[in-house]
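Read through the structure below, which is laid out as structure tokens, and then see the notes.
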Amino acid sequence: MEYLNQILLGDCGEVLRDLPDNSVDLIFTSPPYADQRKNTYGGISPDKYVAWFMPRAEQFRRVLKPSGTFILNIKERVVDGERHTYVIELILEMRRQGWLWTEEYMWHKKNSHPGKWPNRFRDNWERLIQFNTSRAFKMYQEAVMIPVGDWAKDRLAKLSQTDLMRDESRVGSGFGKNVSNWVGREMVYPNNVIHMATECYNRNHSAAFPLDLPKWFIKLFTEPGDVVLDPFVGSGTTAVAALQLSRNFVGIELSPENVATAKDRVSEIQIALPLIIADERAEYQVAADVAPRAEAPMIPIQEG
Ligand SMILES: C[S@@+](CC[C@H](N)C(=O)[O-])C[C@H]1O[C@@H](n2cnc3c(N)ncnc32)[C@H](O)[C@@H]1O
């Protein structure tokens with residue numbers, strides 16, 4: 001089967017059977033949420049969510065290389081006035097299937113819908129759960145470094161005696177800081193909270209995530225030429241992100257309408273690709289020039 005750089009129609013649990021073992025470097029996906037959008041595509045009852053997900057996860061595990069990563073964007077919904085436990089149960093079941101629950105990132109949605117409920121505030125974040133099959137997975141931390149920020153100019157201009165040596169935590173936590181380590185650094189590592197606005201404009205899909213979200217993880221966990229799979233690709237956002245970053249993609253989608261939307265988006269990018277790649281290269285060149293090599297581990301500065 002021809003699968004590289006294709007949007008494939010069908011249930012990912014079935015379609016994936018045609019993909020070879022160990023053929024994918026990153027799985028990045030946002031599956032249908034339990035019952036959440038019953039009117040727009042098949043919802044799954046929260047109580048049956050784990051049983052529905054796990055056979056598909058078995059296929060994800062088979063196609064993912066041992067050096068690869070699986071990022072699952074998901075959030076538990078509220079059922080009968082409390083958060084349902086299907087995400088927690090899913091994590092436990094994934095571990096039983098042989099996955100490592102390596103890390104969890106938080107997507108802080110900078111422009112969440114307004115609203116308020118009598119017993120809670122509005123939902124402003126989603127989980128991005130990282131699973132691996134091995135502890136030795138590929139990770140390119142330098143690719144997501146961020147500018148150090150303006151605070152550094154003032155803070156590092158006048159260093160005290162304490163700033164020049166390792167200052168042990170006063171609460172005895174074992175954490176220390178050496179502020180002078182930051183002098184001359186233009187770029188620093190981010191933390192595990194990703195601040196990104198949702199994209200509200202029309203993608204012909206009610207649950208599309210912003211293009212920059214898959215891009216961030218594609219840069220972090222893959223190199224150009226690697227293969228990125230989104231088994232619930234919807235309007236094709238992950239495929240577009242992969243293409244723009246010179247990675248290969250495989251997208252799978254159950255709804256024929258969404259497949260059509262995703263294919264249109266992908267073709268648009270494929271036509272514009274030579275220009276996009278030239279831009280990306282220029283951007284990468286600049287980033288590589290300003291980013292210092294990270295010989296020493298970063299030590300967070302505690303304010304005060
Ligand atoms: C949350 S949406 C993904 C949206 C996508 N991230 C985007 O940016 O457009 C989940 C998608 O999974 C699709 N889907 C549901 N069950 C599926 C299955 N068994 N196999 C493949 N796709 C499925 C739905 O049609 C829906 O488009």
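So you can find residues: chains in the structure tokens are A, B, ... in the order shown, residues in each start at 1, and ligands are numbered from 1 in order.
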Contacts of A:Val228 within 7 Å, only C-alpha atoms, excl. fewer than 2 positions in-chain, as a list of chain:residue names: A:Val24, A:Asp25, A:Leu26, A:Ile27, A:Asp226, A:Asp230, A:Ala242, A:Arg247, A:Asn248, A:Phe249, A:Val250
Take the residues from that selection and write them out as an mmCIF file, in the first residue's frame, keeping C-alpha atoms.
```cif
data_model
loop_
_atom_site.group_PDB
_atom_site.id
_atom_site.type_symbol
_atom_site.label_atom_id
_atom_site.label_comp_id
_atom_site.auth_asym_id
_atom_site.auth_seq_id
_atom_site.Cartn_x
_atom_site.Cartn_y
_atom_site.Cartn_z
ATOM 1 C CA VAL A 24 6.846 5.913 12.183
ATOM 2 C CA ASP A 25 8.976 8.397 14.173
ATOM 3 C CA LEU A 26 6.225 10.466 15.819
ATOM 4 C CA ILE A 27 2.507 9.959 16.393
ATOM 5 C CA ASP A 226 11.196 11.484 9.428
ATOM 6 C CA ASP A 230 -1.803 11.397 12.815
ATOM 7 C CA ALA A 242 4.824 17.928 8.865
ATOM 8 C CA ARG A 247 8.882 15.684 7.300
ATOM 9 C CA ASN A 248 6.800 12.902 5.725
ATOM 10 C CA PHE A 249 3.288 12.344 7.024
ATOM 11 C CA VAL A 250 0.605 9.683 7.193
#
```
Please return as an mmCIF file with N, CA and C atoms, in the first residue's frame the residues found within 6 Å of ligand 1, counting only C-alpha atoms and all ligand atoms.
```cif
data_model
loop_
_atom_site.group_PDB
_atom_site.id
_atom_site.type_symbol
_atom_site.label_atom_id
_atom_site.label_comp_id
_atom_site.auth_asym_id
_atom_site.auth_seq_id
_atom_site.Cartn_x
_atom_site.Cartn_y
_atom_site.Cartn_z
ATOM 1 N N GLY A 10 -10.628 5.900 6.504
ATOM 2 C CA GLY A 10 -11.018 4.681 7.211
ATOM 3 C C GLY A 10 -10.789 4.787 8.704
ATOM 4 N N ASP A 11 -11.111 3.701 9.407
ATOM 5 C CA ASP A 11 -10.870 3.602 10.849
ATOM 6 C C ASP A 11 -9.374 3.308 11.032
ATOM 7 N N CYS A 12 -8.696 4.153 11.801
ATOM 8 C CA CYS A 12 -7.235 3.991 11.916
ATOM 9 C C CYS A 12 -6.864 2.601 12.437
ATOM 10 N N SER A 30 -5.066 14.115 18.111
ATOM 11 C CA SER A 30 -6.141 14.484 19.014
ATOM 12 C C SER A 30 -7.326 13.600 18.625
ATOM 13 N N PRO A 31 -7.606 12.573 19.422
ATOM 14 C CA PRO A 31 -8.667 11.633 19.031
ATOM 15 C C PRO A 31 -10.036 12.251 19.282
ATOM 16 N N PRO A 32 -11.105 11.607 18.776
ATOM 17 C CA PRO A 32 -12.424 12.126 19.134
ATOM 18 C C PRO A 32 -12.573 12.062 20.646
ATOM 19 N N TYR A 41 -19.204 14.296 14.720
ATOM 20 C CA TYR A 41 -18.655 12.995 14.329
ATOM 21 C C TYR A 41 -18.856 12.024 15.470
ATOM 22 N N HIS A 205 -13.679 22.220 10.184
ATOM 23 C CA HIS A 205 -13.613 21.189 11.210
ATOM 24 C C HIS A 205 -13.808 21.861 12.562
ATOM 25 N N ALA A 207 -12.979 20.838 15.510
ATOM 26 C CA ALA A 207 -12.024 20.559 16.594
ATOM 27 C C ALA A 207 -10.582 20.636 16.123
ATOM 28 N N ALA A 208 -10.321 21.481 15.143
ATOM 29 C CA ALA A 208 -8.944 21.595 14.637
ATOM 30 C C ALA A 208 -8.058 22.263 15.688
ATOM 31 N N PHE A 209 -6.834 21.750 15.863
ATOM 32 C CA PHE A 209 -5.921 22.458 16.775
ATOM 33 C C PHE A 209 -5.036 23.405 15.968
ATOM 34 N N PRO A 231 -3.299 9.533 13.350
ATOM 35 C CA PRO A 231 -4.325 8.534 13.018
ATOM 36 C C PRO A 231 -5.749 9.084 13.080
ATOM 37 N N PHE A 232 -5.930 10.305 13.637
ATOM 38 C CA PHE A 232 -7.250 10.962 13.665
ATOM 39 C C PHE A 232 -7.030 12.361 13.079
ATOM 40 N N VAL A 233 -6.724 12.434 11.800
ATOM 41 C CA VAL A 233 -6.093 13.654 11.253
ATOM 42 C C VAL A 233 -7.082 14.801 11.011
ATOM 43 N N GLY A 234 -8.396 14.526 11.061
ATOM 44 C CA GLY A 234 -9.391 15.597 10.918
ATOM 45 C C GLY A 234 -9.158 16.415 9.665
ATOM 46 N N SER A 235 -8.985 17.731 9.845
ATOM 47 C CA SER A 235 -8.812 18.624 8.691
ATOM 48 C C SER A 235 -7.377 18.635 8.179
ATOM 49 N N GLY A 236 -6.505 17.795 8.739
ATOM 50 C CA GLY A 236 -5.161 17.632 8.162
ATOM 51 C C GLY A 236 -4.084 18.519 8.761
ATOM 52 N N THR A 237 -4.351 19.110 9.936
ATOM 53 C CA THR A 237 -3.393 20.078 10.503
ATOM 54 C C THR A 237 -2.010 19.450 10.704
ATOM 55 N N ILE A 252 -4.780 9.625 8.805
ATOM 56 C CA ILE A 252 -5.918 8.697 8.662
ATOM 57 C C ILE A 252 -7.162 9.391 9.218
ATOM 58 N N GLU A 253 -8.279 9.242 8.537
ATOM 59 C CA GLU A 253 -9.495 9.950 8.955
ATOM 60 C C GLU A 253 -10.718 9.140 8.515
ATOM 61 N N LEU A 254 -11.675 9.074 9.438
ATOM 62 C CA LEU A 254 -12.879 8.263 9.226
ATOM 63 C C LEU A 254 -13.908 8.948 8.334
ATOM 64 N N SER A 255 -13.982 10.275 8.427
ATOM 65 C CA SER A 255 -15.055 10.968 7.708
ATOM 66 C C SER A 255 -14.599 11.405 6.313
#
```
Exercise: A:Leu156 partners within 8 Å, only C-alpha atoms, chain neighbours under 2 positions left out, as a list of chain:residue names: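 Residues meeting the cut-off are A:Ala152, A:Lys153, A:Asp154, A:Lys158, A:Leu159, A:Val179, A:Ser180, A:Trp182, A:Val183.
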Nearest to A:Thr85 by atom-to-atom distance, counting only C-alpha atoms, from A:Arg170, A:Lys138, A:Lys48, A:Arg62: A:Lys48
Separation of atom CA of A:Trp52 from atom CA of A:Val227, in Å and rounded to one decimal: 25.3 Å
Stretch 8-216 of chain A: residues DSSP assigns to helix (DSSP H, G or I), reported as a VMD selection string: chain A and resid 12 to 18 46 to 63 86 to 96 141 to 144 151 to 157 162 to 164 179 to 182 212 to 216
Closest of A:Tyr140, A:Leu92, A:Glu58, A:Thr133 to A:Thr222 - atom-to-atom distances counting only C-alpha atoms: A:Tyr140
Spatial neighbours of A:Leu211, max dist 7 Å, only C-alpha atoms, sep filter under 3 positions, as a list in words: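 With the cut-off at 7 Å, the set is Pro214, Lys215, Thr237 and Ala241 of chain A.
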Separation of atom CA of A:Pro224 from atom CA of A:Pro274 in Å: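 Value for the atom CA of A:Pro274-atom CA of A:Pro224 distance: 14.6 Å.
Of note, atom CA of A:Ile146 and atom CA of A:Met106 are spaced 16.9 Å apart.
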Surrounding residues of A:Leu100 excluding itself and chain neighbours under 4 positions, 8 Å, only C-alpha atoms, as a PyMOL selection string: chain A and resi 94-95+131-135
Selection: 10 Å around A:Ile194, only C-alpha atoms, excl. self and same-chain fewer than 5 positions, as a PyMOL selection string: chain A and resi 105-110+125-126+128+213+216
Print the selection's residues with C-alpha atoms to a file, as a PDB file, in the first residue's frame.
```pdb
ATOM      1  CA  TYR A 105       2.728  18.862  28.536  1.00  0.00           C
ATOM      2  CA  MET A 106       0.017  21.398  29.119  1.00  0.00           C
ATOM      3  CA  TRP A 107      -1.438  23.429  26.276  1.00  0.00           C
ATOM      4  CA  HIS A 108      -2.576  26.719  27.798  1.00  0.00           C
ATOM      5  CA  LYS A 109      -5.193  28.056  25.409  1.00  0.00           C
ATOM      6  CA  LYS A 110      -4.585  31.775  25.429  1.00  0.00           C
ATOM      7  CA  TRP A 125      -5.929  24.057  29.062  1.00  0.00           C
ATOM      8  CA  GLU A 126      -5.582  20.610  27.539  1.00  0.00           C
ATOM      9  CA  LEU A 128      -0.568  16.531  25.732  1.00  0.00           C
ATOM     10  CA  LEU A 213       0.920  22.839  18.206  1.00  0.00           C
ATOM     11  CA  TRP A 216       6.313  22.351  18.212  1.00  0.00           C
TER      12      TRP A 216
END
```
